[in-house]
Amino acid sequence: MALERTLSIIKPNAVEDGHTGAILQRFEQEGFRVVAMRMAHLTRAQAEGFYAVHKERPFFADLVQFMTRSRVVLIVLEREDAIAHYRKVIGATDPAKAEPGTIRKLYAKSLQENAVHGSDAVETARFEIGWFFPGHDLA
Ligand code: CMP
């Protein structure tokens, strides 16, 4: 297993609902180290660029609107096998399909307001980390 980095975003609904501390604690309990972290109120351009891969999808405009609604927490996490393990900890994109005990099962409100973002592959993680934390993309 390789040492990897992944980008986490604690999304507006989870920050608004006061779950930031619980989510960060869970990441540390799962063996992730926080390499970089900051709060941000994303601009439209930042959210559109970050989710550019989804720009033709019907939910894109709503997603950008949601992600720019209020503050998020941007986090670079490091661990052995970080990308796959993080995805296990957060659960399925749709909280209705997420396993019990996963972050999305616990804190998501809907498919869109699903509490956290996660990178889905090494290349995606590299782009996503570079988007918000230039220079932190390599373990
Ligand atoms: P995320 O992991 O951040 O990646 C893309 C986001 O788009 C996703 O979580 C959801 O917040 C949002 N989204 C809204 N509708 C859909 C959909 N039908 N399929 C996938 N993602 C969706």
# chains A, B, ... in the order shown; residues from 1 in each chain; ligands from 1

call {"tool": "closest_atom_pairs", "arguments": {"of": "chain A", "to": "ligand 1", "cutoff": "9 Å", "atoms": "only C-alpha atoms and all ligand atoms", "output": "tab-separated table"}}
result
residue	atom	partner	partner_atom_place_in_ligand_line	distance
A:Ile9	CA	ligand 1	3 (O)	7.9
A:Lys11	CA	ligand 1	3 (O)	8.3
A:Tyr51	CA	ligand 1	5 (C)	7.0
A:His54	CA	ligand 1	5 (C)	7.3
A:Arg57	CA	ligand 1	18 (N)	8.2
A:Pro58	CA	ligand 1	18 (N)	8.0
A:Phe59	CA	ligand 1	15 (N)	5.2
A:Phe60	CA	ligand 1	7 (O)	7.1
A:Asp62	CA	ligand 1	14 (C)	7.7
A:Leu63	CA	ligand 1	12 (C)	5.8
A:Val64	CA	ligand 1	7 (O)	8.8
A:Phe66	CA	ligand 1	11 (O)	8.5
A:Met67	CA	ligand 1	11 (O)	8.5
A:Ala92	CA	ligand 1	2 (O)	8.7
A:Thr93	CA	ligand 1	9 (O)	5.7
A:Asp94	CA	ligand 1	20 (C)	7.5
A:Ser110	CA	ligand 1	11 (O)	8.2
A:Leu111	CA	ligand 1	14 (C)	5.5
A:Gln112	CA	ligand 1	11 (O)	3.6
A:Glu113	CA	ligand 1	11 (O)	5.6
A:Asn114	CA	ligand 1	11 (O)	5.5
A:Ala115	CA	ligand 1	11 (O)	7.9
A:Val116	CA	ligand 1	3 (O)	6.6
A:His117	CA	ligand 1	3 (O)	4.0
A:Gly118	CA	ligand 1	2 (O)	5.3
A:Ser119	CA	ligand 1	2 (O)	7.2
A:Asp120	CA	ligand 1	2 (O)	8.1

call {"tool": "residues_around", "arguments": {"residues": "Asp81 of chain A", "least_positions_apart": "3", "cutoff": "10 Å", "atoms": "only C-alpha atoms", "output": "PyMOL selection string"}}
result
chain A and resi 1-6+78+84-86

call {"tool": "write_last_selection", "arguments": {"atoms": "all heavy atoms", "output": "PDB file, in the first residue's frame"}}
result
ATOM      1  N   MET A   1       0.837  -1.207   0.000  1.00  0.00           N
ATOM      2  CA  MET A   1       0.000   0.000   0.000  1.00  0.00           C
ATOM      3  C   MET A   1       0.866   1.248   0.000  1.00  0.00           C
ATOM      4  O   MET A   1       1.861   1.301   0.695  1.00  0.00           O
ATOM      5  CB  MET A   1      -0.904   0.020   1.228  1.00  0.00           C
ATOM      6  CG  MET A   1      -2.168  -0.799   1.043  1.00  0.00           C
ATOM      7  SD  MET A   1      -3.408  -0.425   2.299  1.00  0.00           S
ATOM      8  CE  MET A   1      -2.568  -0.956   3.784  1.00  0.00           C
ATOM      9  N   ALA A   2       0.444   2.222  -0.755  1.00  0.00           N
ATOM     10  CA  ALA A   2       1.245   3.441  -0.876  1.00  0.00           C
ATOM     11  C   ALA A   2       0.714   4.541   0.036  1.00  0.00           C
ATOM     12  O   ALA A   2      -0.481   4.604   0.336  1.00  0.00           O
ATOM     13  CB  ALA A   2       1.199   3.918  -2.325  1.00  0.00           C
ATOM     14  N   LEU A   3       1.643   5.395   0.458  1.00  0.00           N
ATOM     15  CA  LEU A   3       1.247   6.607   1.183  1.00  0.00           C
ATOM     16  C   LEU A   3       0.608   7.547   0.164  1.00  0.00           C
ATOM     17  O   LEU A   3       1.216   7.848  -0.863  1.00  0.00           O
ATOM     18  CB  LEU A   3       2.487   7.246   1.804  1.00  0.00           C
ATOM     19  CG  LEU A   3       2.255   8.425   2.740  1.00  0.00           C
ATOM     20  CD1 LEU A   3       1.484   7.993   3.981  1.00  0.00           C
ATOM     21  CD2 LEU A   3       3.589   9.043   3.148  1.00  0.00           C
ATOM     22  N   GLU A   4      -0.610   7.977   0.431  1.00  0.00           N
ATOM     23  CA  GLU A   4      -1.330   8.829  -0.523  1.00  0.00           C
ATOM     24  C   GLU A   4      -1.909  10.050   0.180  1.00  0.00           C
ATOM     25  O   GLU A   4      -2.064  10.056   1.401  1.00  0.00           O
ATOM     26  CB  GLU A   4      -2.518   8.061  -1.133  1.00  0.00           C
ATOM     27  CG  GLU A   4      -2.140   6.925  -2.036  1.00  0.00           C
ATOM     28  CD  GLU A   4      -3.357   6.114  -2.476  1.00  0.00           C
ATOM     29  OE1 GLU A   4      -4.457   6.285  -1.905  1.00  0.00           O
ATOM     30  OE2 GLU A   4      -3.192   5.288  -3.385  1.00  0.00           O
ATOM     31  N   ARG A   5      -2.254  11.035  -0.637  1.00  0.00           N
ATOM     32  CA  ARG A   5      -2.989  12.197  -0.136  1.00  0.00           C
ATOM     33  C   ARG A   5      -4.321  12.302  -0.859  1.00  0.00           C
ATOM     34  O   ARG A   5      -4.437  11.923  -2.027  1.00  0.00           O
ATOM     35  CB  ARG A   5      -2.187  13.485  -0.357  1.00  0.00           C
ATOM     36  CG  ARG A   5      -0.995  13.542   0.563  1.00  0.00           C
ATOM     37  CD  ARG A   5      -0.208  14.809   0.419  1.00  0.00           C
ATOM     38  NE  ARG A   5       0.882  14.800   1.376  1.00  0.00           N
ATOM     39  CZ  ARG A   5       1.769  15.761   1.530  1.00  0.00           C
ATOM     40  NH1 ARG A   5       1.711  16.837   0.753  1.00  0.00           N
ATOM     41  NH2 ARG A   5       2.716  15.672   2.437  1.00  0.00           N
ATOM     42  N   THR A   6      -5.308  12.823  -0.150  1.00  0.00           N
ATOM     43  CA  THR A   6      -6.619  13.018  -0.762  1.00  0.00           C
ATOM     44  C   THR A   6      -7.183  14.348  -0.296  1.00  0.00           C
ATOM     45  O   THR A   6      -6.775  14.866   0.746  1.00  0.00           O
ATOM     46  CB  THR A   6      -7.564  11.831  -0.437  1.00  0.00           C
ATOM     47  OG1 THR A   6      -8.714  11.891  -1.263  1.00  0.00           O
ATOM     48  CG2 THR A   6      -7.979  11.808   1.030  1.00  0.00           C
ATOM     49  N   GLU A  78      -3.562  12.702   4.646  1.00  0.00           N
ATOM     50  CA  GLU A  78      -2.532  11.738   4.228  1.00  0.00           C
ATOM     51  C   GLU A  78      -2.656  10.467   5.056  1.00  0.00           C
ATOM     52  O   GLU A  78      -2.893  10.520   6.266  1.00  0.00           O
ATOM     53  CB  GLU A  78      -1.150  12.366   4.445  1.00  0.00           C
ATOM     54  CG  GLU A  78      -0.008  11.499   3.958  1.00  0.00           C
ATOM     55  CD  GLU A  78       1.323  12.228   4.097  1.00  0.00           C
ATOM     56  OE1 GLU A  78       1.699  12.942   3.169  1.00  0.00           O
ATOM     57  OE2 GLU A  78       1.945  12.097   5.169  1.00  0.00           O
ATOM     58  N   ALA A  84      -8.799   5.167  -1.184  1.00  0.00           N
ATOM     59  CA  ALA A  84      -9.799   4.105  -0.998  1.00  0.00           C
ATOM     60  C   ALA A  84     -10.348   4.119   0.428  1.00  0.00           C
ATOM     61  O   ALA A  84     -11.561   3.968   0.642  1.00  0.00           O
ATOM     62  CB  ALA A  84      -9.184   2.750  -1.315  1.00  0.00           C
ATOM     63  N   HIS A  85      -9.462   4.322   1.417  1.00  0.00           N
ATOM     64  CA  HIS A  85      -9.950   4.283   2.801  1.00  0.00           C
ATOM     65  C   HIS A  85     -10.903   5.452   3.072  1.00  0.00           C
ATOM     66  O   HIS A  85     -11.940   5.276   3.723  1.00  0.00           O
ATOM     67  CB  HIS A  85      -8.795   4.270   3.807  1.00  0.00           C
ATOM     68  CG  HIS A  85      -9.273   3.987   5.198  1.00  0.00           C
ATOM     69  ND1 HIS A  85      -9.700   2.732   5.589  1.00  0.00           N
ATOM     70  CD2 HIS A  85      -9.462   4.797   6.261  1.00  0.00           C
ATOM     71  CE1 HIS A  85     -10.121   2.793   6.839  1.00  0.00           C
ATOM     72  NE2 HIS A  85      -9.983   4.033   7.280  1.00  0.00           N
ATOM     73  N   TYR A  86     -10.561   6.623   2.559  1.00  0.00           N
ATOM     74  CA  TYR A  86     -11.428   7.796   2.760  1.00  0.00           C
ATOM     75  C   TYR A  86     -12.821   7.530   2.181  1.00  0.00           C
ATOM     76  O   TYR A  86     -13.840   7.839   2.806  1.00  0.00           O
ATOM     77  CB  TYR A  86     -10.785   9.028   2.105  1.00  0.00           C
ATOM     78  CG  TYR A  86     -11.597  10.290   2.241  1.00  0.00           C
ATOM     79  CD1 TYR A  86     -11.438  11.148   3.320  1.00  0.00           C
ATOM     80  CD2 TYR A  86     -12.535  10.633   1.269  1.00  0.00           C
ATOM     81  CE1 TYR A  86     -12.197  12.309   3.443  1.00  0.00           C
ATOM     82  CE2 TYR A  86     -13.297  11.777   1.380  1.00  0.00           C
ATOM     83  CZ  TYR A  86     -13.123  12.612   2.462  1.00  0.00           C
ATOM     84  OH  TYR A  86     -13.876  13.758   2.578  1.00  0.00           O
TER      85      TYR A  86
END

call {"tool": "closest_residue", "arguments": {"among": "A:Ile83, A:Ala98, A:Ile103, A:Ala14", "to": "Ala125 of chain A", "atoms": "only C-alpha atoms"}}
result
A:Ile83

call {"tool": "select_by_dssp", "arguments": {"residues": "segment 58-108 of chain A", "states": "helix (DSSP H, G or I)", "output": "PyMOL selection string"}}
result
chain A and resi 60-67+82-90+95-97+103-107

call {"tool": "select_by_dssp", "arguments": {"residues": "chain A", "states": "strand (DSSP E)", "output": "PyMOL selection string"}}
result
chain A and resi 3-10+33-40+72-80+116-118

call {"tool": "write_last_selection", "arguments": {"atoms": "C-alpha atoms", "output": "compact mmCIF listing (two decimals), in the first residue's frame"}}
result
# COMPACT_ATOMS: atom_id res chain seq x y z
CA LEU A 3 1.25 6.61 1.18
CA GLU A 4 -1.33 8.83 -0.52
CA ARG A 5 -2.99 12.20 -0.14
CA THR A 6 -6.62 13.02 -0.76
CA LEU A 7 -8.71 16.19 -0.70
CA SER A 8 -11.63 16.43 1.68
CA ILE A 9 -14.21 19.21 1.70
CA ILE A 10 -16.61 19.56 4.60
CA ARG A 33 -3.02 13.06 9.21
CA VAL A 34 -4.08 16.63 8.40
CA VAL A 35 -1.41 18.01 6.03
CA ALA A 36 -3.14 21.31 5.21
CA MET A 37 -6.49 22.84 6.16
CA ARG A 38 -8.41 26.10 5.88
CA MET A 39 -11.93 27.47 5.89
CA ALA A 40 -13.12 29.24 2.77
CA VAL A 72 -16.57 25.03 3.69
CA VAL A 73 -13.49 23.39 5.24
CA LEU A 74 -10.79 22.35 2.74
CA ILE A 75 -8.45 19.62 4.00
CA VAL A 76 -5.52 17.64 2.59
CA LEU A 77 -5.38 14.26 4.32
CA GLU A 78 -2.53 11.74 4.23
CA ARG A 79 -2.52 8.01 5.05
CA GLU A 80 -1.56 4.64 3.60
CA VAL A 116 -18.35 15.86 2.44
CA HIS A 117 -16.54 15.63 -0.86
CA GLY A 118 -13.95 12.99 -1.64

call {"tool": "closest_residue", "arguments": {"among": "A:Gly49, A:Ala61, A:Glu30, A:Thr20", "to": "Gly130 of chain A", "atoms": "only C-alpha atoms"}}
result
A:Gly49
